[in-house]
Structures are given as structure tokens and as C-alpha cells.
>>> print(open('structure09.cif').read())   # mmCIF, C-alpha atoms
data_data
#
loop_
_atom_site.label_atom_id
_atom_site.label_comp_id
_atom_site.auth_asym_id
_atom_site.auth_seq_id
_atom_site.Cartn_x
_atom_site.Cartn_y
_atom_site.Cartn_z
CA MET A 283 -87.74 54.94 10.18
CA LYS A 284 -85.12 54.97 12.88
CA SER A 285 -86.15 51.58 14.11
CA ALA A 286 -85.77 50.17 10.62
CA GLN A 287 -82.27 51.60 10.31
CA ALA A 288 -81.36 50.27 13.71
CA TRP A 289 -82.61 46.88 12.72
CA ARG A 290 -80.47 46.94 9.55
CA LEU A 291 -77.42 48.11 11.49
CA GLY A 292 -77.96 45.33 13.98
CA MET A 293 -78.10 42.82 11.17
CA LYS A 294 -74.86 44.22 9.72
CA ASP A 295 -73.02 43.83 13.00
CA MET A 296 -74.15 40.28 13.53
CA PRO A 297 -71.73 37.60 12.28
CA MET A 298 -73.00 35.65 9.34
CA LEU A 299 -72.88 31.97 10.17
CA PRO A 300 -72.13 29.67 7.28
CA GLY A 301 -74.79 27.30 6.29
CA PRO A 302 -74.38 23.58 6.57
CA ARG A 303 -72.13 22.01 3.90
CA HIS A 304 -72.65 18.66 2.32
CA ARG A 305 -69.52 16.47 2.63
CA GLY A 306 -68.71 14.07 -0.11
CA HIS A 307 -67.65 10.53 0.63
CA LEU A 308 -64.01 10.31 1.91
CA LYS A 309 -61.60 9.02 -0.75
CA LYS A 310 -59.30 6.21 0.30
CA PRO A 311 -55.58 7.25 0.29
CA THR A 312 -54.86 4.94 -2.64
CA TRP A 313 -51.83 6.93 -3.83
CA ILE A 314 -50.21 6.64 -0.37
CA ILE A 315 -50.68 2.87 -0.35
CA ILE A 316 -49.16 2.58 -3.84
CA LEU A 317 -46.17 4.78 -2.89
CA VAL A 318 -45.44 2.80 0.29
CA SER A 319 -45.71 -0.46 -1.65
CA LEU A 320 -43.25 0.71 -4.33
CA VAL A 321 -40.73 1.93 -1.74
CA SER A 322 -40.98 -1.38 0.14
CA LEU A 323 -40.52 -3.32 -3.09
CA PHE A 324 -37.48 -1.19 -3.99
CA LEU A 325 -35.83 -1.81 -0.59
CA VAL A 326 -36.46 -5.55 -0.79
CA CYS A 327 -34.97 -5.71 -4.31
CA ALA A 328 -31.96 -3.65 -3.23
CA TYR A 329 -31.35 -6.09 -0.38
CA VAL A 330 -31.89 -9.32 -2.34
CA TYR A 331 -30.39 -8.16 -5.66
CA PRO A 332 -27.61 -5.67 -4.92
CA PRO A 333 -25.85 -3.93 -7.83
CA GLN A 334 -23.08 -5.90 -9.54
CA ASN A 335 -19.62 -5.84 -7.96
CA SER A 336 -20.83 -4.57 -4.61
CA ALA A 337 -22.11 -5.99 -1.37
CA ALA A 338 -25.72 -5.95 -0.16
CA CYS A 339 -26.85 -2.47 0.81
CA TYR A 340 -28.11 -1.93 4.34
CA VAL A 341 -29.74 1.48 4.23
CA PHE A 342 -29.74 2.01 8.00
CA SER A 343 -26.23 0.68 8.57
CA SER A 344 -23.80 2.92 10.45
CA ARG A 345 -21.30 2.39 7.63
CA GLY A 346 -23.61 3.90 5.07
CA CYS A 347 -24.90 2.54 1.78
CA LYS A 348 -21.95 2.15 -0.52
CA ALA A 349 -23.86 -0.13 -2.88
CA LEU A 350 -26.14 2.73 -3.93
CA GLN A 351 -23.17 4.82 -5.01
CA GLY A 352 -23.00 2.88 -8.24
CA TRP A 353 -26.53 4.03 -9.05
CA LEU A 354 -25.87 7.73 -8.52
CA PRO A 355 -24.85 10.05 -11.35
CA PRO A 356 -21.05 10.15 -11.82
CA ALA A 357 -19.18 13.02 -10.23
CA PRO A 358 -18.11 15.76 -12.63
CA VAL A 359 -14.73 15.07 -14.22
CA ARG A 360 -12.01 17.45 -13.10
CA GLU A 361 -10.24 19.33 -15.89
CA LEU A 362 -6.59 18.31 -16.03
CA THR A 363 -3.82 20.87 -15.73
CA ASP A 364 -1.33 21.38 -18.57
CA ASP A 365 1.36 19.53 -16.62
CA GLU A 366 -0.96 16.59 -16.05
CA ILE A 367 -1.89 16.41 -19.73
CA ALA A 368 1.78 16.40 -20.78
CA SER A 369 2.67 13.79 -18.17
CA ARG A 370 -0.21 11.48 -19.05
CA VAL A 371 0.55 11.66 -22.76
CA VAL A 372 4.06 10.33 -22.09
CA ILE A 373 2.75 7.66 -19.70
CA ARG A 374 0.06 6.55 -22.17
CA ASP A 375 2.56 6.27 -25.02
CA ILE A 376 4.96 4.20 -22.92
CA LEU A 377 2.18 1.86 -21.81
CA ASN A 378 0.96 1.40 -25.38
CA MET A 379 4.44 0.98 -26.80
CA ASN A 380 5.20 -2.39 -28.37
CA GLN A 381 8.06 -3.99 -26.48
CA SER A 382 10.78 -5.72 -28.43
CA ILE A 383 11.55 -8.86 -26.47
CA PRO A 384 15.27 -9.66 -26.56
CA LYS A 385 16.51 -13.16 -27.20
CA ASN A 386 17.43 -13.60 -23.53
CA PRO A 387 15.33 -11.25 -21.37
CA LYS A 388 16.72 -10.69 -17.89
CA ILE A 389 15.59 -9.73 -14.41
CA ALA A 390 17.44 -6.89 -12.66
CA PHE A 391 17.75 -7.48 -8.92
CA LEU A 392 18.13 -4.12 -7.12
CA PHE A 393 19.47 -4.32 -3.58
CA LEU A 394 18.71 -1.23 -1.50
CA THR A 395 21.33 -1.62 1.22
CA PRO A 396 23.47 0.78 3.27
CA GLY A 397 26.54 -1.45 3.12
CA ALA A 398 27.70 -4.99 2.43
CA LEU A 399 25.13 -7.68 1.65
CA PRO A 400 25.01 -10.04 4.67
CA PHE A 401 23.31 -12.82 2.70
CA GLU A 402 25.73 -12.68 -0.22
CA LYS A 403 26.55 -16.40 0.05
CA LEU A 404 22.86 -17.31 0.03
CA TRP A 405 22.23 -15.15 -3.03
CA ASP A 406 25.25 -16.78 -4.69
CA LYS A 407 23.50 -20.09 -4.15
CA PHE A 408 20.29 -18.64 -5.62
CA PHE A 409 21.95 -17.21 -8.73
CA GLN A 410 24.40 -20.11 -9.03
CA VAL A 411 27.02 -17.65 -10.25
CA VAL A 412 29.75 -15.43 -8.76
CA TRP A 413 28.81 -11.72 -8.67
CA GLY A 414 30.51 -9.21 -7.26
CA LYS A 415 21.46 12.92 2.62
CA ILE A 416 18.98 10.84 -0.26
CA SER A 417 15.40 9.63 0.24
CA MET A 418 14.21 6.07 -0.30
CA VAL A 419 12.25 7.01 -3.42
CA ASP A 420 15.25 8.80 -4.89
CA ALA A 421 17.38 5.72 -4.26
CA GLU A 422 14.79 3.47 -5.91
CA ARG A 423 14.61 5.72 -8.97
CA ARG A 424 18.39 5.77 -9.27
CA LEU A 425 18.55 1.99 -9.07
CA LEU A 426 15.88 1.70 -11.77
CA ALA A 427 17.61 4.25 -14.02
CA ASN A 428 20.90 2.36 -13.86
CA ALA A 429 19.24 -1.00 -14.43
CA LEU A 430 17.34 0.41 -17.45
CA LYS A 431 20.65 1.03 -19.22
CA ASP A 432 20.68 -2.67 -20.10
CA PRO A 433 17.95 -3.14 -22.76
CA ASP A 434 17.74 -6.84 -21.91
CA ASN A 435 16.43 -6.11 -18.41
CA HIS A 436 12.66 -6.59 -18.55
CA GLN A 437 11.83 -7.11 -14.88
CA PHE A 438 13.15 -5.14 -11.92
CA VAL A 439 13.14 -6.47 -8.35
CA LEU A 440 13.74 -4.19 -5.36
CA LEU A 441 15.18 -6.02 -2.33
CA SER A 442 16.73 -5.01 0.98
CA ASP A 443 19.84 -6.32 2.72
CA SER A 444 17.64 -8.50 4.98
CA CYS A 445 15.80 -10.21 2.08
CA ILE A 446 16.22 -13.88 1.18
CA PRO A 447 14.94 -15.95 -1.77
CA LEU A 448 12.10 -18.41 -1.12
CA HIS A 449 12.34 -20.34 -4.40
CA ASP A 450 15.04 -21.30 -6.87
CA PHE A 451 16.02 -19.00 -9.71
CA ASP A 452 14.02 -20.80 -12.43
CA TYR A 453 10.81 -20.59 -10.40
CA VAL A 454 11.30 -16.85 -9.78
CA TYR A 455 12.23 -16.19 -13.41
CA ASN A 456 9.12 -17.91 -14.77
CA TYR A 457 6.86 -16.31 -12.13
CA LEU A 458 7.93 -12.81 -13.16
CA MET A 459 8.55 -13.19 -16.88
CA TYR A 460 5.32 -14.96 -17.79
CA THR A 461 2.90 -12.44 -16.41
CA ASN A 462 2.11 -8.91 -17.61
CA VAL A 463 1.71 -7.10 -14.28
CA SER A 464 4.04 -5.43 -11.83
CA PHE A 465 3.87 -6.69 -8.26
CA VAL A 466 3.34 -3.36 -6.52
CA ASP A 467 1.59 -3.41 -3.15
CA CYS A 468 -1.51 -1.18 -3.04
CA PHE A 469 -4.56 -0.88 -0.79
CA GLU A 470 -6.87 1.76 0.66
CA ASP A 471 -6.31 2.54 4.34
CA PRO A 472 -8.78 5.13 5.71
CA GLY A 473 -6.91 5.31 9.03
CA PRO A 474 -4.26 7.68 10.38
CA HIS A 475 -1.42 5.71 8.77
CA GLY A 476 -3.15 5.79 5.39
CA SER A 477 -5.43 8.57 4.17
CA GLY A 478 -4.72 10.42 7.43
CA ARG A 479 -1.28 11.26 6.00
CA TYR A 480 -2.76 13.02 2.99
CA ILE A 481 -2.54 16.81 2.77
CA GLU A 482 -4.51 19.13 0.49
CA TYR A 483 -1.35 20.69 -0.95
CA MET A 484 -1.23 17.69 -3.28
CA LEU A 485 -4.27 19.01 -5.14
CA PRO A 486 -5.27 19.12 -7.89
CA GLU A 487 -3.08 16.32 -9.28
CA VAL A 488 -3.43 13.95 -6.30
CA GLU A 489 -6.85 13.74 -4.68
CA LYS A 490 -7.52 12.16 -1.30
CA LYS A 491 -9.81 9.53 -2.79
CA ASP A 492 -6.86 8.22 -4.82
CA PHE A 493 -4.34 8.18 -1.96
CA ARG A 494 -3.09 4.62 -1.43
CA LYS A 495 -0.62 2.74 0.74
CA GLY A 496 1.67 -0.25 0.25
CA ALA A 497 5.01 -1.86 1.02
CA GLN A 498 7.95 -0.39 -0.88
CA TRP A 499 9.36 -3.75 -2.03
CA PHE A 500 8.26 -4.28 -5.63
CA THR A 501 8.91 -6.16 -8.82
CA MET A 502 8.26 -4.03 -11.89
CA LYS A 503 8.05 -4.59 -15.63
CA ARG A 504 10.13 -2.42 -17.93
CA GLN A 505 7.30 -0.12 -19.02
CA HIS A 506 6.53 0.79 -15.43
CA ALA A 507 10.21 1.30 -14.62
CA LEU A 508 10.45 3.76 -17.52
CA ILE A 509 7.40 5.66 -16.32
CA ILE A 510 8.71 5.97 -12.77
CA THR A 511 12.11 7.30 -13.85
CA ALA A 512 10.47 9.74 -16.29
CA ASP A 513 7.86 11.06 -13.86
CA SER A 514 8.44 14.49 -12.36
CA LEU A 515 4.89 15.80 -11.83
CA TYR A 516 3.60 13.26 -9.31
CA TYR A 517 7.05 12.60 -7.84
CA SER A 518 7.40 16.29 -6.93
CA LYS A 519 4.03 16.24 -5.15
CA PHE A 520 5.20 13.46 -2.84
CA ARG A 521 8.69 14.94 -2.48
CA ASP A 522 7.25 18.26 -1.28
CA HIS A 523 4.12 17.16 0.60
CA CYS A 524 4.67 13.62 1.86
CA LYS A 525 7.44 13.63 4.45
CA PRO A 526 7.92 13.40 8.23
CA GLY A 527 7.23 16.43 10.40
CA MET A 528 4.58 18.14 8.30
CA GLU A 529 2.04 20.63 9.67
CA LYS A 530 -0.55 19.49 12.21
CA GLY A 531 1.76 16.69 13.33
CA ARG A 532 1.44 14.69 10.11
CA ASN A 533 4.15 12.16 9.28
CA CYS A 534 3.99 10.94 5.70
CA TYR A 535 6.40 8.44 4.12
CA SER A 536 6.78 8.63 0.36
CA ASP A 537 8.15 5.11 -0.01
CA GLU A 538 4.82 3.77 1.32
CA HIS A 539 2.53 6.01 -0.76
CA TYR A 540 4.14 7.27 -3.97
CA LEU A 541 4.14 4.08 -6.06
CA PRO A 542 0.76 2.72 -4.82
CA THR A 543 -0.96 6.06 -5.46
CA PHE A 544 0.79 6.63 -8.80
CA PHE A 545 -0.20 3.27 -10.26
CA TYR A 546 -3.70 3.32 -8.76
CA MET A 547 -4.30 6.60 -10.59
CA LEU A 548 -2.58 5.85 -13.89
CA ASP A 549 -2.51 2.07 -14.48
CA PRO A 550 -4.55 0.24 -11.81
CA ALA A 551 -5.02 -2.86 -13.99
CA GLY A 552 -1.27 -3.11 -14.50
CA ILE A 553 -0.38 -3.98 -10.89
CA ALA A 554 -1.14 -7.03 -8.76
CA ASN A 555 -1.86 -5.01 -5.56
CA TRP A 556 0.44 -7.16 -3.45
CA SER A 557 4.20 -7.45 -2.97
CA VAL A 558 6.01 -10.73 -3.65
CA THR A 559 8.25 -10.01 -0.64
CA HIS A 560 6.87 -11.47 2.61
CA VAL A 561 7.02 -9.43 5.82
CA ASP A 562 5.60 -10.46 9.21
CA TRP A 563 3.75 -7.59 10.94
CA SER A 564 2.00 -9.83 13.47
CA GLU A 565 3.87 -8.34 16.45
CA GLY A 566 2.02 -5.03 15.98
CA LYS A 567 5.15 -2.89 16.23
CA TRP A 568 6.50 -0.06 14.08
CA HIS A 569 8.90 -2.51 12.46
CA PRO A 570 8.21 -6.05 11.20
CA LYS A 571 9.38 -9.19 12.96
CA SER A 572 13.10 -9.93 12.67
CA TYR A 573 13.97 -13.60 12.31
CA ARG A 574 16.83 -14.93 14.43
CA ALA A 575 18.79 -18.15 13.96
CA GLN A 576 16.53 -20.18 16.26
CA ASP A 577 13.45 -19.08 14.29
CA VAL A 578 14.66 -20.50 10.97
CA THR A 579 13.28 -24.01 10.57
CA LEU A 580 12.01 -25.99 7.61
CA GLU A 581 8.48 -25.64 8.98
CA LEU A 582 8.74 -21.82 9.03
CA MET A 583 10.07 -21.68 5.49
CA ARG A 584 7.38 -24.02 4.17
CA ASN A 585 4.68 -22.03 5.94
CA ILE A 586 5.84 -18.81 4.27
CA THR A 587 6.22 -20.35 0.80
CA SER A 588 2.71 -21.86 0.98
CA ILE A 589 0.85 -18.59 1.70
CA SER A 590 -1.58 -17.91 -1.15
CA ASP A 591 -3.63 -14.98 0.21
CA SER A 592 -2.58 -11.35 0.52
CA VAL A 593 -3.56 -9.70 3.82
CA HIS A 594 -3.83 -5.98 4.61
CA VAL A 595 -5.04 -4.41 7.87
CA THR A 596 -6.34 -0.84 8.06
CA SER A 597 -5.04 1.55 10.74
CA ASP A 598 -8.40 3.00 11.77
CA GLU A 599 -10.43 1.92 14.81
CA ARG A 600 -12.11 -0.92 12.92
CA LYS A 601 -8.77 -2.59 12.06
CA GLU A 602 -10.43 -4.08 9.00
CA ILE A 603 -8.65 -7.17 7.66
CA GLN A 604 -8.63 -7.26 3.86
CA ILE A 605 -7.88 -10.70 2.43
CA ARG A 606 -7.46 -11.27 -1.30
CA PRO A 607 -6.24 -14.35 -3.17
CA CYS A 608 -2.91 -14.01 -4.93
CA LEU A 609 -3.90 -14.49 -8.57
CA TRP A 610 -1.18 -15.20 -11.11
CA ASN A 611 -2.65 -15.02 -14.63
CA GLY A 612 -6.06 -15.71 -13.11
CA ASN A 613 -4.98 -18.73 -11.04
CA GLN A 614 -4.31 -18.69 -7.30
CA ARG A 615 -0.62 -19.24 -6.62
CA PRO A 616 1.77 -18.79 -3.68
CA CYS A 617 2.17 -15.08 -3.06
CA TYR A 618 5.83 -14.74 -2.16
CA LEU A 619 9.15 -15.12 -3.93
CA PHE A 620 11.24 -13.42 -1.25
CA ALA A 621 11.05 -12.70 2.50
CA ARG A 622 12.48 -10.30 5.09
CA LYS A 623 13.69 -9.39 7.79
CA PHE A 624 16.28 -12.11 8.40
CA LEU A 625 19.23 -11.25 10.63
CA PRO A 626 22.76 -12.18 9.46
CA GLU A 627 22.97 -14.89 12.14
CA THR A 628 20.39 -16.96 10.20
CA LEU A 629 22.72 -17.47 7.23
CA ASP A 630 24.05 -20.93 8.17
CA ASN A 631 20.57 -22.34 8.81
CA LEU A 632 19.30 -20.87 5.55
CA LEU A 633 22.18 -22.32 3.54
CA GLN A 634 21.47 -25.73 4.99
CA LEU A 635 17.72 -25.57 4.37
CA PHE A 636 17.80 -23.80 0.99
CA PRO A 637 17.60 -26.93 -1.25
CA ASN A 638 14.63 -28.25 0.76
CA TYR A 639 12.35 -25.25 1.09
CA THR A 640 12.99 -23.96 -2.45
CA SER A 641 12.11 -27.30 -4.08
CA ILE A 642 8.44 -27.13 -3.05
#
>>> encode(input="structure09.cif", output="C-alpha cells")
Amino acid sequence: MKSAQAWRLGMKDMPMLPGPRHRGHLKKPTWIIILVSLVSLFLVCAYVYPPQNSAACYVFSSRGCKALQGWLPPAPVRELTDDEIASRVVIRDILNMNQSIPKNPKIAFLFLTPGALPFEKLWDKFFQVVWGKISMVDAERRLLANALKDPDNHQFVLLSDSCIPLHDFDYVYNYLMYTNVSFVDCFEDPGPHGSGRYIEYMLPEVEKKDFRKGAQWFTMKRQHALIITADSLYYSKFRDHCKPGMEKGRNCYSDEHYLPTFFYMLDPAGIANWSVTHVDWSEGKWHPKSYRAQDVTLELMRNITSISDSVHVTSDERKEIQIRPCLWNGNQRPCYLFARKFLPETLDNLLQLFPNYTSI
């Protein structure tokens, strides 16, 4: 009896080994092959047939895959503040307002100058008639407000004391009057002199993705001039948060950012994205090239008047050069009607050459 119990206990303590199992035939990983094939086909199609209005998408590029952004769900729309709603209602109504064209519409030339106009004689030749502490943006708005008093003024041109005309009056008049855009310079600069000047205090009305840069010299149609003089919401954001000597060493300049950002946000199709005033930044300094008397030749003037592409260069490490054709009513035309910076000593040469370079 004891031996039988011992035998059973011994059996209980022994590990039970599993019996042999019959393995079925291994299935081929068909689903993996199909998945890899579909992914490969997708990548090939994305490379050969990128989405409309974007470049080919290189998935492993260091710059990322911007082309795929158009395929992603749109970001949630931010709810506008009460001030934004009120401001945009006024802007929308002005843009949609039917303009009554006067019998003789005029162009208002606004000279932003600290004193006398050194090229007065040259401008007399252009017009063929005899004519007799605030921030830059404030000065521009005041000039616009005064020019708007004349209901016949339908185009507004901001010029400096170093600006000269590149064409005769009739050419400039037709160039501005027979198009429906304002020539406001505007481009995206991701570098320290562009988006690097943005500060979060501008939120929620001005977001970093909308922050733009451009030259301050503009020509503007009457609707846009009205909007700028009426604006207080966006103007106050730039007045308070875009200025030299901000926190963290930021230096922001409203005259380079307010108008480009404003129109990019509120009427991007209404501006040409380039200025019709030529400036030479090729010297790579803080200020553009200044032309002296010996620089002013017929060849120089013809070179400037024949430029038909707008060029912008970003301030980041890549120094990306952005080149766009100057399109006037859909056709490529010379970009510039005016030029700067010409020193007063160039006046005699310019007066002598004026009939030749403006007749092109």
C-alpha cells in the first residue's frame, strides 16, 4: 500500500512533458508583401505626381515634406475676438464697396521727406507742371488721410526724398490706373530679420505664420488706403509689439512688417507682392546702395527699367533667393516705375538723361 502511494506521489512530482504537436504548413506572409507594395506605389506616385500647386515631395529630405501638408486635415479655425469681427466687417464692406470713378481720376504722390525735395526739378520735368517724435507708419497714415480728402485721388504713391521717376507720367498713370491691385511688397522670411522679429504678444490677432516682410514704398488703390487709415486693431499690435529694443534683444520695424502682414491676412489677392520702387541691396549692408553722379549713366537707367522679375532673399542661413515674374494683369512687364537712393549730386545727369531712359 505504501509503495503504491509512493509511486503515485512520484508520478505527481514528475514534470509532464507535452506530447509532440503536428505543425501545419507555414503560410506565406502575403499581407506583408501587399502592404509593402502599396506603400512603395504610394511613394512613387507622390514623387512623380505631386499635389497641385506644390513641388515634388522628398520624404527623407532635411527640409521636410511640405507637399504632403495639402493632404492633411485643415487646422482648426481660431475663433475671432469681438474686435477682430468688428474690424473685418468694416474691411469687408470697404473692399466690396462699388467705387464711383470720377471723370478725371488722379494719382496722389506722397513724399515722405524730412525737408526740401532735392529732386524737385526732376519731378517738375516728370509732372510737366509747377508745384509747389512720429513713427514711419504714423507718417504714412497721415499722408494717406490727407490725400484721401480729394475724392478724385484713386491711387496713392509713397516716395522718399531720394526717389526718382523711371518712366514718363503717362506710362506711370496707365500702369497704376489700369490694374486692380496695390503694389505692396510682401514675402515670407523665416530668418532673424523676418519671422525672428515676431513676438507672441501679437496673439491672437496676428499669428507667426502670417507674419510677413516687405519694403515700405508702396502704391495703393483707394480702397486699401481707406482700410489702412481706418484700422486701429492691427495697427495697435504693431505699434505696441513691433519696435526696436524689445525683450530678448529683438528689433522689429513696423514699416517693414505692418502693411505686408496686414494685407497678407486680409486681402492677399489684392496686392502684387512687389514694390514698384527699385532699390539695390547687392552690397549686403544695412542700407541700400546710394547712387552718386558717376554712377548715373544711360546703361544703368536702362538696366533698371528693363528688370521684369522681383527678387527677395531670406535672412536665414540658407539665404534663399525667391524670384517671381512681375505680372501686370497677367502679363510680364517691367517691375519698376521709380528708383532710389539717388544722391542730390546726380540731378544734372538725370535731367540730361531723362528723355532717353523714360522713352523706352
>>> resolve_selection(input="structure09.cif", expression="the PyMOL selection byres ((chain A and resi 532-535) around 9)", output="tab-separated table (two decimals) with C-alpha atoms, keeping the file's coordinate frame")
chain	number	residue	atom	x	y	z
A	475	HIS	CA	-1.42	5.71	8.77
A	476	GLY	CA	-3.15	5.79	5.39
A	478	GLY	CA	-4.72	10.42	7.43
A	479	ARG	CA	-1.28	11.26	6.00
A	480	TYR	CA	-2.76	13.02	2.99
A	481	ILE	CA	-2.54	16.81	2.77
A	520	PHE	CA	5.20	13.46	-2.84
A	523	HIS	CA	4.12	17.16	0.60
A	524	CYS	CA	4.67	13.62	1.86
A	525	LYS	CA	7.44	13.63	4.45
A	526	PRO	CA	7.92	13.40	8.23
A	527	GLY	CA	7.23	16.43	10.40
A	528	MET	CA	4.58	18.14	8.30
A	529	GLU	CA	2.04	20.63	9.67
A	530	LYS	CA	-0.55	19.49	12.21
A	531	GLY	CA	1.76	16.69	13.33
A	536	SER	CA	6.78	8.63	0.36
A	537	ASP	CA	8.15	5.11	-0.01
A	538	GLU	CA	4.82	3.77	1.32
A	539	HIS	CA	2.53	6.01	-0.76
A	540	TYR	CA	4.14	7.27	-3.97
>>> atom_distance(input="structure09.cif", atom1="CA of Phe493 (chain A)", atom2="CA of Asp598 (chain A)")
15.2 Å
>>> residues_around(input="structure09.cif", residues="Thr395 (chain A)", least_positions_apart="2", cutoff="7 Å", atoms="all atoms listed in the file", output="MDAnalysis selection string")
chainID A and resid 393 397 442:443
>>> resolve_selection(input="structure09.cif", expression="the PyMOL selection byres ((chain A and resi 542-559) around 6)", output="VMD selection string")
chain A and resid 463 to 468 493 to 496 500 539 to 541 560 617 to 621
>>> atom_distance(input="structure09.cif", atom1="CA of Ala507 (chain A)", atom2="CA of Arg374 (chain A)")
13.7 Å
>>> resolve_selection(input="structure09.cif", expression="the PyMOL selection byres ((chain A and resi 563-573) around 12)", output="JSON, numbers by chain")
{"A": [444, 445, 446, 475, 497, 560, 561, 562, 574, 575, 576, 577, 578, 579, 582, 583, 593, 594, 595, 597, 601, 621, 622, 623, 624, 625, 626, 627, 628, 629, 631, 632]}
>>> closest_residue(input="structure09.cif", among="A:Val439, A:Ile373, A:Leu515, A:Leu458", to="Pro486 (chain A)", atoms="all atoms listed in the file")
A:Leu515
>>> atom_distance(input="structure09.cif", atom1="CA of Cys608 (chain A)", atom2="CA of Thr511 (chain A)")
27.6 Å
>>> closest_residue(input="structure09.cif", among="A:Asp522, A:Asp452, A:Asp434, A:Asp492", to="Pro472 (chain A)", atoms="all atoms listed in the file")
A:Asp492
